[in-house]
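Contents: one structure, followed by commentary.
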Amino acid sequence: MSRARQTIYGTLLLAMPLACASAIPQPSAADAARGGAMFPELTLAQLQQGRQLYVSRCGSCHVLKRPGDVPSDHWQAEVTKMRTKNGVKLSDQEAQAIVRYLVVAATAG
């Protein structure tokens with residue numbers, strides 16, 4: 001394979017997670033307010049952190065699912081499965097942030 005073709009493929013591979021990330025909704029103040037009913041004291045900053053972790057950590061290995069593509073009550077099991085069966089290294093706090101973001105985003109109208 002030519003050097004130019006390798007560079008093009010490499011650039012495309014690096015851009016794919018960014019393209020997928022644009023389909024993942026940014027949390028809003030309304031999301032934080034709605035999510036507070038499920039997770040008391042939830043903040044917009046926490047939802048933003050959960051999204052950032054989802055995009056950077058999960059999106060580095062596979063195409064991301066849109067939050068609404070999975071029922072909100074299944075996201076905890078999805079993240080747990082990735083950690084236990086697939087060996088994804090996430091701290092409990094990181095996993096919690098990702099799950100909270102996904103659950104709240106999945107319930108958006």
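Letters A, B, ... go to the chains of the structure tokens in the order shown; residues in each chain start at 1; ligands are counted from 1 in the same order.
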Would you mind listing what lies within 12 Å of Gln26 of chain A as number ranges by chain, with only C-alpha atoms counted and same-chain residues fewer than 4 positions away left out? A: 21-22, 30-32, 44-52, 54-55, 66-67, 101-102, 104-106, 108
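Atom to atom, atom CA of Ser91 of chain A and atom CA of Leu64 of chain A stand 19.5 Å apart.
Using only C-alpha atoms, the nearest neighbour of Trp75 of chain A within the list A:Gln96, A:Gly36, A:Cys61, A:Leu53 is A:Gln96.
Between Arg100 of chain A and the candidates A:Glu41, A:Ala23, A:Gly35, A:Arg57, the tightest atom-to-atom separation, counting only C-alpha atoms, involves A:Gly35.
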Got a sec: who's within 10 Å of His74 of chain A, counting only C-alpha atoms, leaving out chain neighbours fewer than 3 positions off, as a ChimeraX atom specification? /A:70-71,77-79,99,102-103
Given the selection you just returned, output its residues as a file containing all heavy atoms, formatted as a PDB file, in the first residue's frame.
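Saved file part-v9.pdb follows:
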ATOM      1  N   VAL A  70     -31.430   2.358  22.831  1.00  0.00           N
ATOM      2  CA  VAL A  70     -31.485   1.326  23.874  1.00  0.00           C
ATOM      3  C   VAL A  70     -32.459   1.825  24.935  1.00  0.00           C
ATOM      4  O   VAL A  70     -32.409   2.993  25.325  1.00  0.00           O
ATOM      5  CB  VAL A  70     -30.080   1.107  24.492  1.00  0.00           C
ATOM      6  CG1 VAL A  70     -30.130   0.154  25.674  1.00  0.00           C
ATOM      7  CG2 VAL A  70     -29.103   0.609  23.436  1.00  0.00           C
ATOM      8  N   PRO A  71     -33.373   0.982  25.410  1.00  0.00           N
ATOM      9  CA  PRO A  71     -34.269   1.428  26.484  1.00  0.00           C
ATOM     10  C   PRO A  71     -33.456   1.931  27.677  1.00  0.00           C
ATOM     11  O   PRO A  71     -32.421   1.349  28.031  1.00  0.00           O
ATOM     12  CB  PRO A  71     -35.065   0.169  26.844  1.00  0.00           C
ATOM     13  CG  PRO A  71     -35.002  -0.677  25.610  1.00  0.00           C
ATOM     14  CD  PRO A  71     -33.650  -0.403  25.005  1.00  0.00           C
ATOM     15  N   ALA A  77     -27.045  -2.311  32.445  1.00  0.00           N
ATOM     16  CA  ALA A  77     -26.597  -3.662  32.090  1.00  0.00           C
ATOM     17  C   ALA A  77     -25.613  -3.636  30.927  1.00  0.00           C
ATOM     18  O   ALA A  77     -24.653  -4.416  30.908  1.00  0.00           O
ATOM     19  CB  ALA A  77     -27.803  -4.542  31.749  1.00  0.00           C
ATOM     20  N   GLU A  78     -25.831  -2.749  29.959  1.00  0.00           N
ATOM     21  CA  GLU A  78     -24.910  -2.629  28.816  1.00  0.00           C
ATOM     22  C   GLU A  78     -23.509  -2.242  29.292  1.00  0.00           C
ATOM     23  O   GLU A  78     -22.515  -2.845  28.880  1.00  0.00           O
ATOM     24  CB  GLU A  78     -25.416  -1.571  27.823  1.00  0.00           C
ATOM     25  CG  GLU A  78     -26.629  -1.976  27.039  1.00  0.00           C
ATOM     26  CD  GLU A  78     -26.291  -2.826  25.832  1.00  0.00           C
ATOM     27  OE1 GLU A  78     -25.247  -2.606  25.197  1.00  0.00           O
ATOM     28  OE2 GLU A  78     -27.091  -3.716  25.526  1.00  0.00           O
ATOM     29  N   VAL A  79     -23.437  -1.230  30.154  1.00  0.00           N
ATOM     30  CA  VAL A  79     -22.131  -0.773  30.641  1.00  0.00           C
ATOM     31  C   VAL A  79     -21.492  -1.836  31.529  1.00  0.00           C
ATOM     32  O   VAL A  79     -20.291  -2.108  31.423  1.00  0.00           O
ATOM     33  CB  VAL A  79     -22.264   0.586  31.365  1.00  0.00           C
ATOM     34  CG1 VAL A  79     -20.959   0.986  32.032  1.00  0.00           C
ATOM     35  CG2 VAL A  79     -22.721   1.671  30.377  1.00  0.00           C
ATOM     36  N   VAL A  99     -23.403   5.895  32.512  1.00  0.00           N
ATOM     37  CA  VAL A  99     -24.769   5.363  32.643  1.00  0.00           C
ATOM     38  C   VAL A  99     -25.761   6.489  32.871  1.00  0.00           C
ATOM     39  O   VAL A  99     -26.819   6.551  32.218  1.00  0.00           O
ATOM     40  CB  VAL A  99     -24.863   4.317  33.776  1.00  0.00           C
ATOM     41  CG1 VAL A  99     -26.309   3.996  34.121  1.00  0.00           C
ATOM     42  CG2 VAL A  99     -24.106   3.058  33.389  1.00  0.00           C
ATOM     43  N   LEU A 102     -26.346   8.336  29.629  1.00  0.00           N
ATOM     44  CA  LEU A 102     -27.115   7.541  28.667  1.00  0.00           C
ATOM     45  C   LEU A 102     -28.580   7.380  29.073  1.00  0.00           C
ATOM     46  O   LEU A 102     -29.474   7.468  28.241  1.00  0.00           O
ATOM     47  CB  LEU A 102     -26.439   6.178  28.465  1.00  0.00           C
ATOM     48  CG  LEU A 102     -25.088   6.235  27.769  1.00  0.00           C
ATOM     49  CD1 LEU A 102     -24.374   4.893  27.878  1.00  0.00           C
ATOM     50  CD2 LEU A 102     -25.243   6.650  26.312  1.00  0.00           C
ATOM     51  N   VAL A 103     -28.818   7.156  30.363  1.00  0.00           N
ATOM     52  CA  VAL A 103     -30.185   6.994  30.843  1.00  0.00           C
ATOM     53  C   VAL A 103     -30.970   8.293  30.637  1.00  0.00           C
ATOM     54  O   VAL A 103     -32.089   8.282  30.111  1.00  0.00           O
ATOM     55  CB  VAL A 103     -30.196   6.567  32.327  1.00  0.00           C
ATOM     56  CG1 VAL A 103     -31.593   6.718  32.938  1.00  0.00           C
ATOM     57  CG2 VAL A 103     -29.706   5.140  32.473  1.00  0.00           C
TER      58      VAL A 103
END
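A straight line drawn from atom CA of Ile24 of chain A to atom CA of Lys65 of chain A is 8.2 Å long.
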